[in-house]
>>> print(open('final-v5.pdb').read())   # PDB, C-alpha atoms and all ligand atoms
ATOM      1  CA  MET Y   1      39.673  -2.057  -4.713  1.00  0.00           C
ATOM      2  CA  PRO Y   2      38.270   1.008  -6.529  1.00  0.00           C
ATOM      3  CA  ASP Y   3      36.923   3.921  -4.486  1.00  0.00           C
ATOM      4  CA  ILE Y   4      33.187   3.178  -4.775  1.00  0.00           C
ATOM      5  CA  ARG Y   5      32.188   6.327  -2.950  1.00  0.00           C
ATOM      6  CA  ALA Y   6      34.210   8.590  -5.262  1.00  0.00           C
ATOM      7  CA  ILE Y   7      32.915   6.701  -8.294  1.00  0.00           C
ATOM      8  CA  ASN Y   8      29.289   7.192  -7.253  1.00  0.00           C
ATOM      9  CA  GLU Y   9      29.847  10.861  -6.487  1.00  0.00           C
ATOM     10  CA  HIS Y  10      31.539  11.446  -9.812  1.00  0.00           C
ATOM     11  CA  LEU Y  11      28.794   9.741 -11.816  1.00  0.00           C
ATOM     12  CA  GLN Y  12      25.995  11.656 -10.074  1.00  0.00           C
ATOM     13  CA  THR Y  13      27.845  14.988 -10.310  1.00  0.00           C
ATOM     14  CA  ARG Y  14      28.474  14.587 -14.000  1.00  0.00           C
ATOM     15  CA  LEU Y  15      24.864  13.563 -14.676  1.00  0.00           C
ATOM     16  CA  ARG Y  16      23.739  16.733 -12.892  1.00  0.00           C
ATOM     17  CA  GLU Y  17      26.290  18.917 -14.687  1.00  0.00           C
ATOM     18  CA  GLU Y  18      25.252  17.607 -18.079  1.00  0.00           C
ATOM     19  CA  ASP Y  19      21.579  17.737 -17.081  1.00  0.00           C
ATOM     20  CA  ARG Y  20      21.003  14.142 -18.164  1.00  0.00           C
ATOM     21  CA  GLU Y  21      18.588  11.614 -16.725  1.00  0.00           C
ATOM     22  CA  SER Y  22      20.881   8.651 -17.284  1.00  0.00           C
ATOM     23  CA  VAL Y  23      24.063   7.459 -18.938  1.00  0.00           C
ATOM     24  CA  PRO Y  24      24.793   4.107 -20.607  1.00  0.00           C
ATOM     25  CA  ALA Y  25      27.401   2.092 -18.730  1.00  0.00           C
ATOM     26  CA  VAL Y  26      29.934   2.090 -21.585  1.00  0.00           C
ATOM     27  CA  GLU Y  27      29.954   5.900 -21.624  1.00  0.00           C
ATOM     28  CA  ALA Y  28      30.044   6.052 -17.808  1.00  0.00           C
ATOM     29  CA  ALA Y  29      33.104   3.799 -17.901  1.00  0.00           C
ATOM     30  CA  ARG Y  30      34.848   6.407 -20.100  1.00  0.00           C
ATOM     31  CA  TRP Y  31      33.936   9.167 -17.615  1.00  0.00           C
ATOM     32  CA  LEU Y  32      35.490   7.168 -14.810  1.00  0.00           C
ATOM     33  CA  ALA Y  33      38.618   6.401 -16.813  1.00  0.00           C
ATOM     34  CA  GLU Y  34      39.055  10.113 -17.696  1.00  0.00           C
ATOM     35  CA  ALA Y  35      38.682  11.024 -14.036  1.00  0.00           C
ATOM     36  CA  GLY Y  36      41.270   8.435 -13.064  1.00  0.00           C
ATOM     37  CA  LEU Y  37      38.783   6.660 -10.818  1.00  0.00           C
ATOM     38  CA  LEU Y  38      38.459   3.341 -12.641  1.00  0.00           C
ATOM     39  CA  LEU Y  39      40.866   2.080 -15.266  1.00  0.00           C
ATOM     40  CA  ASP Y  40      38.922   0.737 -18.238  1.00  0.00           C
ATOM     41  CA  SER Y  41      39.771  -2.476 -20.058  1.00  0.00           C
ATOM     42  CA  SER Y  42      41.116  -1.874 -23.577  1.00  0.00           C
ATOM     43  CA  SER Y  43      40.101  -5.306 -24.816  1.00  0.00           C
ATOM     44  CA  ARG Y  44      36.648  -5.272 -23.210  1.00  0.00           C
ATOM     45  CA  PRO Y  45      35.507  -1.634 -22.749  1.00  0.00           C
ATOM     46  CA  GLY Y  46      33.212  -1.173 -19.762  1.00  0.00           C
ATOM     47  CA  LEU Y  47      34.082  -4.470 -18.105  1.00  0.00           C
ATOM     48  CA  PRO Y  48      35.505  -3.064 -14.827  1.00  0.00           C
ATOM     49  CA  LEU Y  49      32.364  -0.964 -14.353  1.00  0.00           C
ATOM     50  CA  ARG Y  50      30.114  -3.903 -15.248  1.00  0.00           C
ATOM     51  CA  ARG Y  51      31.757  -5.856 -12.454  1.00  0.00           C
ATOM     52  CA  LEU Y  52      30.733  -3.116 -10.009  1.00  0.00           C
ATOM     53  CA  LEU Y  53      27.220  -3.068 -11.461  1.00  0.00           C
ATOM     54  CA  ARG Y  54      26.867  -6.839 -11.092  1.00  0.00           C
ATOM     55  CA  ALA Y  55      27.910  -6.463  -7.457  1.00  0.00           C
ATOM     56  CA  ASP Y  56      25.183  -3.799  -7.027  1.00  0.00           C
ATOM     57  CA  HIS Y  57      27.672  -1.077  -6.023  1.00  0.00           C
ATOM     58  CA  ILE Y  58      26.473   1.819  -8.179  1.00  0.00           C
ATOM     59  CA  PHE Y  59      23.716   4.194  -7.063  1.00  0.00           C
ATOM     60  CA  GLY Y  60      20.950   4.572  -9.634  1.00  0.00           C
ATOM     61  CA  GLN Y  61      22.000   1.522 -11.619  1.00  0.00           C
ATOM     62  CA  GLU Y  62      19.361  -0.189 -13.717  1.00  0.00           C
ATOM     63  CA  GLN Y  63      19.087  -2.600 -16.582  1.00  0.00           C
ATOM     64  CA  ILE Y  64      16.999  -1.813 -19.639  1.00  0.00           C
ATOM     65  CA  PRO Y  65      15.089  -3.996 -20.200  1.00  0.00           C
ATOM     66  CA  ARG Y  66      14.866  -5.013 -16.552  1.00  0.00           C
ATOM     67  CA  ARG Y  67      16.302  -8.505 -16.720  1.00  0.00           C
ATOM     68  CA  SER Y  68      19.656 -10.168 -16.928  1.00  0.00           C
ATOM     69  CA  GLY Y  69      21.128  -9.383 -20.319  1.00  0.00           C
ATOM     70  CA  GLY Y  70      19.534  -5.918 -20.291  1.00  0.00           C
ATOM     71  CA  ARG Y  71      21.891  -3.005 -20.970  1.00  0.00           C
ATOM     72  CA  TRP Y  72      23.199  -1.260 -17.896  1.00  0.00           C
ATOM     73  CA  HIS Y  73      22.447   2.411 -17.347  1.00  0.00           C
ATOM     74  CA  ILE Y  74      23.124   4.717 -14.428  1.00  0.00           C
ATOM     75  CA  ARG Y  75      20.225   6.973 -13.569  1.00  0.00           C
ATOM     76  CA  ARG Y  76      20.537  10.426 -12.012  1.00  0.00           C
ATOM     77  CA  LEU Y  77      19.263  10.377  -8.435  1.00  0.00           C
ATOM     78  CA  PRO Y  78      17.177  13.311  -7.268  1.00  0.00           C
ATOM     79  CA  PRO Y  79      18.794  15.546  -4.631  1.00  0.00           C
ATOM     80  CA  VAL Y  80      17.429  15.271  -1.096  1.00  0.00           C
ATOM     81  CA  THR Y  81      15.940  18.555   0.160  1.00  0.00           C
ATOM     82  CA  GLY Y  82      14.972  17.280   3.610  1.00  0.00           C
ATOM     83  CA  TYR Y  83      13.674  14.323   5.604  1.00  0.00           C
ATOM     84  CA  HIS Y  84      10.525  13.256   7.368  1.00  0.00           C
ATOM     85  CA  ALA Y  85      10.263  10.951  10.337  1.00  0.00           C
ATOM     86  CA  HIS Y  86       6.752   9.569  10.777  1.00  0.00           C
ATOM     87  CA  ILE Y  87       6.124   8.409  14.336  1.00  0.00           C
ATOM     88  CA  TYR Y  88       3.319   5.814  14.450  1.00  0.00           C
ATOM     89  CA  TYR Y  89       1.251   5.144  17.534  1.00  0.00           C
ATOM     90  CA  ASP Y  90      -2.033   3.702  18.700  1.00  0.00           C
ATOM     91  CA  GLU Y  91      -4.143   4.230  21.807  1.00  0.00           C
ATOM     92  CA  ALA Y  92      -1.775   2.178  23.947  1.00  0.00           C
ATOM     93  CA  SER Y  93       1.393   3.927  22.752  1.00  0.00           C
ATOM     94  CA  ARG Y  94       0.101   7.505  22.425  1.00  0.00           C
ATOM     95  CA  ALA Y  95       1.773   8.555  25.688  1.00  0.00           C
ATOM     96  CA  ASP Y  96       5.125   7.222  24.480  1.00  0.00           C
ATOM     97  CA  ALA Y  97       4.655   9.101  21.214  1.00  0.00           C
ATOM     98  CA  ALA Y  98       4.056  12.267  23.248  1.00  0.00           C
ATOM     99  CA  VAL Y  99       7.321  11.807  25.176  1.00  0.00           C
ATOM    100  CA  VAL Y 100       9.268  11.343  21.927  1.00  0.00           C
ATOM    101  CA  ARG Y 101       7.534  14.372  20.440  1.00  0.00           C
ATOM    102  CA  GLU Y 102       8.429  16.643  23.329  1.00  0.00           C
ATOM    103  CA  ALA Y 103      12.043  15.508  23.315  1.00  0.00           C
ATOM    104  CA  LEU Y 104      12.345  16.080  19.575  1.00  0.00           C
ATOM    105  CA  ALA Y 105      10.972  19.599  19.938  1.00  0.00           C
ATOM    106  CA  ALA Y 106      13.292  20.326  22.863  1.00  0.00           C
ATOM    107  CA  HIS Y 107      16.564  18.989  21.438  1.00  0.00           C
ATOM    108  CA  PHE Y 108      16.446  19.354  17.670  1.00  0.00           C
ATOM    109  CA  SER Y 109      15.610  21.741  14.884  1.00  0.00           C
ATOM    110  CA  VAL Y 110      12.386  20.159  13.600  1.00  0.00           C
ATOM    111  CA  ARG Y 111       8.979  21.120  12.258  1.00  0.00           C
ATOM    112  CA  LEU Y 112       6.339  19.009  13.978  1.00  0.00           C
ATOM    113  CA  GLY Y 113       3.177  18.057  12.154  1.00  0.00           C
ATOM    114  CA  ARG Y 114      -0.042  17.728  14.090  1.00  0.00           C
ATOM    115  CA  TRP Y 115      -1.323  14.533  15.668  1.00  0.00           C
ATOM    116  CA  ARG Y 116      -3.102  12.461  13.030  1.00  0.00           C
ATOM    117  CA  ASP Y 117      -5.309  10.017  14.891  1.00  0.00           C
ATOM    118  CA  GLU Y 118      -6.790   8.685  11.650  1.00  0.00           C
ATOM    119  CA  PRO Y 119      -4.916   7.119   8.712  1.00  0.00           C
ATOM    120  CA  VAL Y 120      -3.940   9.811   6.213  1.00  0.00           C
ATOM    121  CA  GLY Y 121      -2.295   9.616   2.777  1.00  0.00           C
ATOM    122  CA  PRO Y 122      -0.062   6.552   2.499  1.00  0.00           C
ATOM    123  CA  HIS Y 123       0.014   6.065   6.278  1.00  0.00           C
ATOM    124  CA  PRO Y 124      -2.147   3.136   7.453  1.00  0.00           C
ATOM    125  CA  GLN Y 125      -1.991   4.044  11.144  1.00  0.00           C
ATOM    126  CA  ALA Y 126      -2.171   7.080  13.429  1.00  0.00           C
ATOM    127  CA  MET Y 127       1.043   9.116  13.345  1.00  0.00           C
ATOM    128  CA  TYR Y 128       2.606  12.547  13.403  1.00  0.00           C
ATOM    129  CA  GLN Y 129       5.218  13.874  11.040  1.00  0.00           C
ATOM    130  CA  VAL Y 130       8.594  15.349  11.967  1.00  0.00           C
ATOM    131  CA  ALA Y 131      10.294  17.335   9.190  1.00  0.00           C
ATOM    132  CA  PHE Y 132      13.973  18.250   9.327  1.00  0.00           C
ATOM    133  CA  ALA Y 133      16.825  19.478   7.146  1.00  0.00           C
ATOM    134  CA  PRO Y 134      19.501  17.119   5.774  1.00  0.00           C
ATOM    135  CA  ASP Y 135      22.133  18.425   8.201  1.00  0.00           C
ATOM    136  CA  GLU Y 136      19.993  17.330  11.185  1.00  0.00           C
ATOM    137  CA  PHE Y 137      19.822  13.717   9.968  1.00  0.00           C
ATOM    138  CA  ALA Y 138      23.024  12.599  11.702  1.00  0.00           C
ATOM    139  CA  ARG Y 139      21.751  13.922  15.040  1.00  0.00           C
ATOM    140  CA  ILE Y 140      18.085  12.947  14.920  1.00  0.00           C
ATOM    141  CA  VAL Y 141      18.154   9.455  13.416  1.00  0.00           C
ATOM    142  CA  PRO Y 142      20.701   7.973  15.875  1.00  0.00           C
ATOM    143  CA  TRP Y 143      18.738   9.574  18.718  1.00  0.00           C
ATOM    144  CA  LEU Y 144      15.503   7.970  17.508  1.00  0.00           C
ATOM    145  CA  MET Y 145      17.197   4.572  17.285  1.00  0.00           C
ATOM    146  CA  VAL Y 146      17.846   4.680  21.003  1.00  0.00           C
ATOM    147  CA  HIS Y 147      14.825   6.646  22.263  1.00  0.00           C
ATOM    148  CA  ARG Y 148      11.905   5.482  20.114  1.00  0.00           C
ATOM    149  CA  ARG Y 149      10.215   3.671  23.050  1.00  0.00           C
ATOM    150  CA  GLY Y 150       9.230   0.716  20.915  1.00  0.00           C
ATOM    151  CA  LEU Y 151       7.340   2.857  18.401  1.00  0.00           C
ATOM    152  CA  THR Y 152       7.415   2.161  14.704  1.00  0.00           C
ATOM    153  CA  ILE Y 153       9.134   4.982  12.815  1.00  0.00           C
ATOM    154  CA  LEU Y 154       9.472   5.627   9.096  1.00  0.00           C
ATOM    155  CA  VAL Y 155      12.289   7.938   7.988  1.00  0.00           C
ATOM    156  CA  HIS Y 156      12.199   8.981   4.365  1.00  0.00           C
ATOM    157  CA  PRO Y 157      13.966  11.553   2.172  1.00  0.00           C
ATOM    158  CA  GLU Y 158      12.179  14.327   0.320  1.00  0.00           C
ATOM    159  CA  THR Y 159      13.271  14.283  -3.302  1.00  0.00           C
ATOM    160  CA  GLY Y 160      10.028  15.267  -4.996  1.00  0.00           C
ATOM    161  CA  GLU Y 161       9.418  11.685  -6.097  1.00  0.00           C
ATOM    162  CA  ALA Y 162       7.018  10.473  -3.399  1.00  0.00           C
ATOM    163  CA  VAL Y 163       6.599   6.808  -4.320  1.00  0.00           C
ATOM    164  CA  GLY Y 164      10.322   6.061  -4.205  1.00  0.00           C
ATOM    165  CA  ASP Y 165      10.801   8.261  -1.124  1.00  0.00           C
ATOM    166  CA  HIS Y 166       8.276   6.158   0.814  1.00  0.00           C
ATOM    167  CA  GLY Y 167       9.328   2.887  -0.862  1.00  0.00           C
ATOM    168  CA  GLU Y 168      12.823   1.972  -1.987  1.00  0.00           C
ATOM    169  CA  ARG Y 169      14.455   4.967  -0.259  1.00  0.00           C
ATOM    170  CA  ALA Y 170      12.651   4.551   3.086  1.00  0.00           C
ATOM    171  CA  LEU Y 171      14.188   3.539   6.397  1.00  0.00           C
ATOM    172  CA  TRP Y 172      12.158   1.744   9.064  1.00  0.00           C
ATOM    173  CA  MET Y 173      12.642   1.327  12.780  1.00  0.00           C
ATOM    174  CA  GLY Y 174      10.508  -1.260  14.544  1.00  0.00           C
ATOM    175  CA  ARG Y 175       7.713  -3.132  12.847  1.00  0.00           C
ATOM    176  CA  LYS Y 176       7.503  -2.167   9.194  1.00  0.00           C
ATOM    177  CA  LEU Y 177       4.023  -1.121   8.067  1.00  0.00           C
ATOM    178  CA  ARG Y 178       2.547  -1.633   4.634  1.00  0.00           C
ATOM    179  CA  LEU Y 179       2.073   1.860   3.183  1.00  0.00           C
ATOM    180  CA  ARG Y 180      -0.642   2.681   0.667  1.00  0.00           C
ATOM    181  CA  LEU Y 181       1.696   3.854  -2.071  1.00  0.00           C
ATOM    182  CA  ARG Y 182      -0.823   3.632  -4.892  1.00  0.00           C
ATOM    183  CA  GLY Y 183      -2.388   6.921  -3.808  1.00  0.00           C
ATOM    184  CA  LEU Y 184       0.982   8.698  -4.249  1.00  0.00           C
ATOM    185  CA  ARG Y 185       1.335   7.954  -7.963  1.00  0.00           C
TER
HETATM  186 ZN    ZN Y 201       6.551  12.095   4.905  1.00  0.00          ZN
END
>>> encode(input="final-v5.pdb", output="structure tokens")
Amino acid sequence: MPDIRAINEHLQTRLREEDRESVPAVEAARWLAEAGLLLDSSSRPGLPLRRLLRADHIFGQEQIPRRSGGRWHIRRLPPVTGYHAHIYYDEASRADAAVVREALAAHFSVRLGRWRDEPVGPHPQAMYQVAFAPDEFARIVPWLMVHRRGLTILVHPETGEAVGDHGERALWMGRKLRLRLRGLR
């Protein structure tokens, strides 16, 4: 079994180094062969990588056009500069949200946004925002899993591309809400 993690890291690093938005799969297969990460097929160049793409193993993979038979490309993913957790509440759960808020402030390195009792931006329900650096993720997110007191929480990365950050790259705990993403475009 090829080292999927090393393959993904190598592809994203090289895209960044060469300052390219994407790379066609056939060329990416050569990169991986050069790096000794995935032996290419001499009779059918790109086939071993296509197998990984069909199994949905490669970050940033996409087909152009977007249908079966489209040519595979690997897109550069934006770097994550930080994370937000959005803690949703209503009248009945406001006290629970306050307990979570105090604990977050006491135990972690976070920047707390103010209470937003009215829907704001893409958020359809009252919430407050908790911003933190990438190296706090592994402490805060597991803590929230256990201590969220039944509240719905959205965790999303900050990459500068807001629609994807709140959509395909978002993580939900509890009941998933329908965000108003159209306003972010
Ligand atoms: Zn946010």
>>> resolve_selection(input="final-v5.pdb", expression="the PyMOL selection byres (((not hetatm)) within 7 of (chain Y and resi 201))", output="ChimeraX atom specification")
/Y:84-86,129,156
>>> atom_distance(input="final-v5.pdb", atom1="CA of Ala29 in chain Y", atom2="CA of Thr13 in chain Y")
14.5 Å
>>> closest_residue(input="final-v5.pdb", among="Y:Glu118, Y:Asp96, Y:Glu34, Y:Glu62", to="His147 in chain Y", atoms="only C-alpha atoms")
Y:Asp96
>>> resolve_selection(input="final-v5.pdb", expression="the PyMOL selection byres (((chain Y and resi 1-5) around 8) and not hetatm)", output="ChimeraX atom specification")
/Y:6-9,37-38,57-58
>>> axis_aligned_box(input="final-v5.pdb", around="range 110-125 of chain Y", padding_each_side="3 Å", output="lines of an AutoDock Vina configuration file")
center_x = 2.8
center_y = 12.1
center_z = 9.1
size_x = 25.2
size_y = 24.0
size_z = 19.2
>>> atom_distance(input="final-v5.pdb", atom1="CA of Ile140 in chain Y", atom2="CA of Phe108 in chain Y")
7.2 Å
>>> build_atoms(input="final-v5.pdb", residues="range 33-53 of chain Y", atoms="N, CA and C atoms", output="PDB file, keeping the file's coordinate frame")
ATOM      1  N   ALA Y  33      37.229   6.543 -16.379  1.00  0.00           N
ATOM      2  CA  ALA Y  33      38.618   6.401 -16.813  1.00  0.00           C
ATOM      3  C   ALA Y  33      39.264   7.784 -16.938  1.00  0.00           C
ATOM      4  N   GLU Y  34      38.533   8.740 -17.551  1.00  0.00           N
ATOM      5  CA  GLU Y  34      39.055  10.113 -17.696  1.00  0.00           C
ATOM      6  C   GLU Y  34      39.366  10.729 -16.338  1.00  0.00           C
ATOM      7  N   ALA Y  35      38.505  10.431 -15.367  1.00  0.00           N
ATOM      8  CA  ALA Y  35      38.682  11.024 -14.036  1.00  0.00           C
ATOM      9  C   ALA Y  35      39.726  10.277 -13.210  1.00  0.00           C
ATOM     10  N   GLY Y  36      40.255   9.204 -13.773  1.00  0.00           N
ATOM     11  CA  GLY Y  36      41.270   8.435 -13.064  1.00  0.00           C
ATOM     12  C   GLY Y  36      40.711   7.623 -11.903  1.00  0.00           C
ATOM     13  N   LEU Y  37      39.418   7.364 -11.937  1.00  0.00           N
ATOM     14  CA  LEU Y  37      38.783   6.660 -10.818  1.00  0.00           C
ATOM     15  C   LEU Y  37      38.653   5.152 -11.049  1.00  0.00           C
ATOM     16  N   LEU Y  38      38.582   4.768 -12.332  1.00  0.00           N
ATOM     17  CA  LEU Y  38      38.459   3.341 -12.641  1.00  0.00           C
ATOM     18  C   LEU Y  38      39.080   3.095 -14.008  1.00  0.00           C
ATOM     19  N   LEU Y  39      40.187   2.393 -14.017  1.00  0.00           N
ATOM     20  CA  LEU Y  39      40.866   2.080 -15.266  1.00  0.00           C
ATOM     21  C   LEU Y  39      39.951   1.205 -16.116  1.00  0.00           C
ATOM     22  N   ASP Y  40      39.768   1.570 -17.387  1.00  0.00           N
ATOM     23  CA  ASP Y  40      38.922   0.737 -18.238  1.00  0.00           C
ATOM     24  C   ASP Y  40      39.767  -0.381 -18.848  1.00  0.00           C
ATOM     25  N   SER Y  41      39.089  -1.382 -19.384  1.00  0.00           N
ATOM     26  CA  SER Y  41      39.771  -2.476 -20.058  1.00  0.00           C
ATOM     27  C   SER Y  41      39.823  -2.155 -21.545  1.00  0.00           C
ATOM     28  N   SER Y  42      41.024  -2.224 -22.156  1.00  0.00           N
ATOM     29  CA  SER Y  42      41.116  -1.874 -23.577  1.00  0.00           C
ATOM     30  C   SER Y  42      40.531  -2.977 -24.444  1.00  0.00           C
ATOM     31  N   SER Y  43      40.635  -4.211 -24.001  1.00  0.00           N
ATOM     32  CA  SER Y  43      40.101  -5.306 -24.816  1.00  0.00           C
ATOM     33  C   SER Y  43      38.587  -5.465 -24.627  1.00  0.00           C
ATOM     34  N   ARG Y  44      38.091  -5.158 -23.444  1.00  0.00           N
ATOM     35  CA  ARG Y  44      36.648  -5.272 -23.210  1.00  0.00           C
ATOM     36  C   ARG Y  44      36.141  -4.008 -22.510  1.00  0.00           C
ATOM     37  N   PRO Y  45      35.909  -2.922 -23.324  1.00  0.00           N
ATOM     38  CA  PRO Y  45      35.507  -1.634 -22.749  1.00  0.00           C
ATOM     39  C   PRO Y  45      34.277  -1.786 -21.847  1.00  0.00           C
ATOM     40  N   GLY Y  46      34.352  -1.160 -20.681  1.00  0.00           N
ATOM     41  CA  GLY Y  46      33.212  -1.173 -19.762  1.00  0.00           C
ATOM     42  C   GLY Y  46      33.219  -2.320 -18.783  1.00  0.00           C
ATOM     43  N   LEU Y  47      34.118  -3.276 -18.975  1.00  0.00           N
ATOM     44  CA  LEU Y  47      34.082  -4.470 -18.105  1.00  0.00           C
ATOM     45  C   LEU Y  47      34.304  -4.158 -16.620  1.00  0.00           C
ATOM     46  N   PRO Y  48      35.312  -3.324 -16.266  1.00  0.00           N
ATOM     47  CA  PRO Y  48      35.505  -3.064 -14.827  1.00  0.00           C
ATOM     48  C   PRO Y  48      34.261  -2.444 -14.186  1.00  0.00           C
ATOM     49  N   LEU Y  49      33.576  -1.559 -14.917  1.00  0.00           N
ATOM     50  CA  LEU Y  49      32.364  -0.964 -14.353  1.00  0.00           C
ATOM     51  C   LEU Y  49      31.246  -2.009 -14.278  1.00  0.00           C
ATOM     52  N   ARG Y  50      31.165  -2.858 -15.291  1.00  0.00           N
ATOM     53  CA  ARG Y  50      30.114  -3.903 -15.248  1.00  0.00           C
ATOM     54  C   ARG Y  50      30.294  -4.806 -14.033  1.00  0.00           C
ATOM     55  N   ARG Y  51      31.531  -5.038 -13.663  1.00  0.00           N
ATOM     56  CA  ARG Y  51      31.757  -5.856 -12.454  1.00  0.00           C
ATOM     57  C   ARG Y  51      31.140  -5.177 -11.224  1.00  0.00           C
ATOM     58  N   LEU Y  52      31.316  -3.845 -11.138  1.00  0.00           N
ATOM     59  CA  LEU Y  52      30.733  -3.116 -10.009  1.00  0.00           C
ATOM     60  C   LEU Y  52      29.207  -3.135 -10.079  1.00  0.00           C
ATOM     61  N   LEU Y  53      28.675  -3.048 -11.292  1.00  0.00           N
ATOM     62  CA  LEU Y  53      27.220  -3.068 -11.461  1.00  0.00           C
ATOM     63  C   LEU Y  53      26.656  -4.429 -11.054  1.00  0.00           C
TER      64      LEU Y  53
END
